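For reference, the structure is listed below as structure tokens.
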There are 6 protein chains.
Amino acid sequence: MQVSARNALKATVKEVVEGSVNTEVTLEVAPGVEVVAIITKSSAHKLQLEEGKQAYAIIKSSDVMVAVD
Amino acid sequence: MQVSARNALKATVKEVVEGSVNTEVTLEVAPGVEVVAIITKSSAHKLQLEEGKQAYAIIKSSDVMVAVD
Amino acid sequence: MQVSARNALKATVKEVVEGSVNTEVTLEVAPGVEVVAIITKSSAHKLQLEEGKQAYAIIKSSDVMVAVD
Amino acid sequence: MQVSARNALKATVKEVVEGSVNTEVTLEVAPGVEVVAIITKSSAHKLQLEEGKQAYAIIKSSDVMVAVD
Amino acid sequence: MQVSARNALKATVKEVVEGSVNTEVTLEVAPGVEVVAIITKSSAHKLQLEEGKQAYAIIKSSDVMVAVD
Amino acid sequence: MQVSARNALKATVKEVVEGSVNTEVTLEVAPGVEVVAIITKSSAHKLQLEEGKQAYAIIKSSDVMVAVD
């Protein structure tokens with residue numbers, strides 16, 4: 001399946017922390033560069049996410065803000 | 001200013017493309033890893049974004065999806 | 001590719017209207033039930049969307065609101 | 001009240017599952033076509049959602065992605 | 001219609017600026033406090049928005065970030 | 001840090017309610033006008049949010065909908 005979201009960053013799953021409804025997934029998109037995702041627990045199970053697994057961080061370009069110092 | 005969004009990735013502005021209302025900003029967050037942001041043209045002007053400038057990609061963790069092959 | 005978004009509705013593309021930066025895509029998810037998506041023009045091209053093509057409407061459950069009369 | 005979101009799909013509430021802060025609402029928008037919404041528990045109470053109730057799934061068009069196989 | 005979004009701020013329309021696809025609507029939610037919304041042009045027409053009209057700014061609580069100096 | 005989001009409303013923190021993963025923050029942006037934000041608990045701690053503190057409600061203009069009666 002190919003998705004219309006502009007950003008699909010190759011990543012390695014670093015950590016998976018389950019809450020009651022949601023799961024927090026930490027993805028390493030480059031050495032030392034991490035992106036945290038919060039997805040539903042049922043989605044995390046469906047995708048069988050676990051440390052070390054190859055995955056993608058999918059982000060719509062309209063959901064990215066830019067900041068400067 | 002410090003923002004509640006979980007993801008604030010250090011980046012370098014690679015490209016700024018102006019549309020009529022929105023501006024597309026390409027940010028390099030690691031060598032070869034790019035994130036595209038679509039922000040309003042007025043915000044892009046306010047932040048004086050231009051190629052080579054240091055910036056951050058700000059993304060709420062609830063806006064990140066995870067995919068696997 | 002399998003995505004963490006909870007909602008992936010099978011659909012048929014009914015209409016594709018290109019703007020300068022964005023493209024409006026009308027998807028029929030059931031007879032007479034349509035969902036409109038606005039995606040970037042470059043994504044629409046990449047997916048080769050055109051009338052009659054099979055596709056999916058992907059929606060995060062946290063982006064769905066509920067209303068009652 | 002009339003809202004600017006492009007998608008307002010007529011639906012029947014199929015299931016309401018309460019978490020500690022959020023409530024998961026399954027809406028049937030056509031026979032066999034379901035959309036899951038996660039809203040705050042207080043909103044679910046305010047709207048008095050329960051199985052069988054008529055409701056709408058409200059989705060901004062910029063929150064809909066498109067995917068193809 | 002009653003919507004599940006937590007924030008529904010009473011407002012007065014201050015300005016309506018039409019783009020090619022989107023319309024920028026400035027809403028005054030208190031004296032001197034303005035909120036800018038970008039909605040589709042067709043939605044703005046449907047709601048017959050014009051300067052001085054009473055309206056509401058509808059915002060999901062998960063779309064609000066918090067910042068401190 | 002300066003952020004590209006169009007709306008940065010000055011506010012006073014009125015209430016902070018912690019859940020298991022998320023924290024609900026009520027911000028007063030004008031006398032009697034409140035905006036509720038749901039952010040992660042770790043972000044709320046990082047920002048040291050507490051009643052009476054000065055803060056900002058940050059909202060992307062594409063996340064604001066407009067409604068009329």
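Ligands are numbered from 1 in the order shown, chains are lettered A, B, ... in the order of the structure tokens, and residues start at 1 in each chain.
Any residue of chain E with an atom no more than 6 Å from chain D counts as a contact; using only C-alpha atoms, that gives E:Met1, E:Ser4, E:Ser43.
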For the selection you just gave me, I'd like the residues written to a file as a PDB file, in the first residue's frame, keeping N, CA and C atoms.
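Result saved to out10.pdb:
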```pdb
ATOM      1  N   MET E   1     -26.829  21.020  15.532  1.00  0.00           N
ATOM      2  CA  MET E   1     -25.828  19.951  15.619  1.00  0.00           C
ATOM      3  C   MET E   1     -24.841  20.280  16.725  1.00  0.00           C
ATOM      4  N   SER E   4     -18.326  16.951  19.052  1.00  0.00           N
ATOM      5  CA  SER E   4     -17.526  16.439  20.160  1.00  0.00           C
ATOM      6  C   SER E   4     -16.279  17.252  20.478  1.00  0.00           C
ATOM      7  N   SER E  43     -16.513  25.575   1.862  1.00  0.00           N
ATOM      8  CA  SER E  43     -17.104  25.612   3.197  1.00  0.00           C
ATOM      9  C   SER E  43     -17.427  27.049   3.610  1.00  0.00           C
TER      10      SER E  43
END
```
Next on the checklist: So that I can check the surroundings of Lys10 in chain F, please list as number ranges by chain every protein, DNA and RNA residue that reaches within 12 Å of it, counting only C-alpha atoms and ignoring chain neighbours fewer than 3 positions away.
Outcome noted: E: 32-35, 66-69; F: 7, 13, 27-31, 33-35, 53-59
Just write the chosen residues, C-alpha atoms, as a PDB file, in the first residue's frame.
```pdb
ATOM      1  CA  GLY E  32      -8.174  42.010  20.859  1.00  0.00           C
ATOM      2  CA  VAL E  33      -7.890  38.216  20.867  1.00  0.00           C
ATOM      3  CA  GLU E  34      -8.035  36.720  17.375  1.00  0.00           C
ATOM      4  CA  VAL E  35      -7.933  33.193  16.010  1.00  0.00           C
ATOM      5  CA  VAL E  66       1.021  24.687  25.087  1.00  0.00           C
ATOM      6  CA  ALA E  67       4.147  26.840  25.137  1.00  0.00           C
ATOM      7  CA  VAL E  68       5.941  28.830  27.829  1.00  0.00           C
ATOM      8  CA  ASP E  69       8.603  31.546  27.558  1.00  0.00           C
TER       9      ASP E  69
ATOM     10  CA  ASN F   7      -2.181  31.229  16.478  1.00  0.00           C
ATOM     11  CA  VAL F  13      -3.019  28.237  33.192  1.00  0.00           C
ATOM     12  CA  LEU F  27      -5.880  27.896  29.538  1.00  0.00           C
ATOM     13  CA  GLU F  28      -7.691  31.224  29.990  1.00  0.00           C
ATOM     14  CA  VAL F  29      -7.012  33.339  26.900  1.00  0.00           C
ATOM     15  CA  ALA F  30      -9.289  36.206  27.979  1.00  0.00           C
ATOM     16  CA  PRO F  31     -11.576  36.745  31.008  1.00  0.00           C
ATOM     17  CA  VAL F  33     -12.701  32.484  27.532  1.00  0.00           C
ATOM     18  CA  GLU F  34     -10.999  29.144  28.008  1.00  0.00           C
ATOM     19  CA  VAL F  35      -9.169  26.756  25.705  1.00  0.00           C
ATOM     20  CA  LYS F  53       1.529  30.264  35.200  1.00  0.00           C
ATOM     21  CA  GLN F  54       1.735  32.392  32.050  1.00  0.00           C
ATOM     22  CA  ALA F  55       1.647  30.297  28.878  1.00  0.00           C
ATOM     23  CA  TYR F  56       0.519  30.281  25.248  1.00  0.00           C
ATOM     24  CA  ALA F  57      -2.084  28.229  23.401  1.00  0.00           C
ATOM     25  CA  ILE F  58      -0.487  27.316  20.066  1.00  0.00           C
ATOM     26  CA  ILE F  59      -2.887  26.276  17.295  1.00  0.00           C
TER      27      ILE F  59
END
```
Item to check | Members of chain E assigned strand (DSSP E) by DSSP, as an MDAnalysis selection string | outcome: chainID E and resid 2:3 7:18 22:30 33:40 54:59 65:68
Checklist entry - Residues of range 22-51 of chain D in alpha helix (DSSP H) according to DSSP, as a PyMOL selection string? => result chain D and resi 41-46
Checklist entry - When you draw a straight line from CA of Asn22 in chain F to CA of Thr12 in chain D, how long is it in Å? => result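 Between CA of Asn22 in chain F and CA of Thr12 in chain D the gap is 29.0 Å.
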Item to check | Which residue of D:Val64, D:Leu9, D:Lys14, D:Gly52 approaches Thr26 in chain D most closely, using only C-alpha atoms | outcome: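 For Thr26 in chain D, the nearest of the candidates is D:Lys14.
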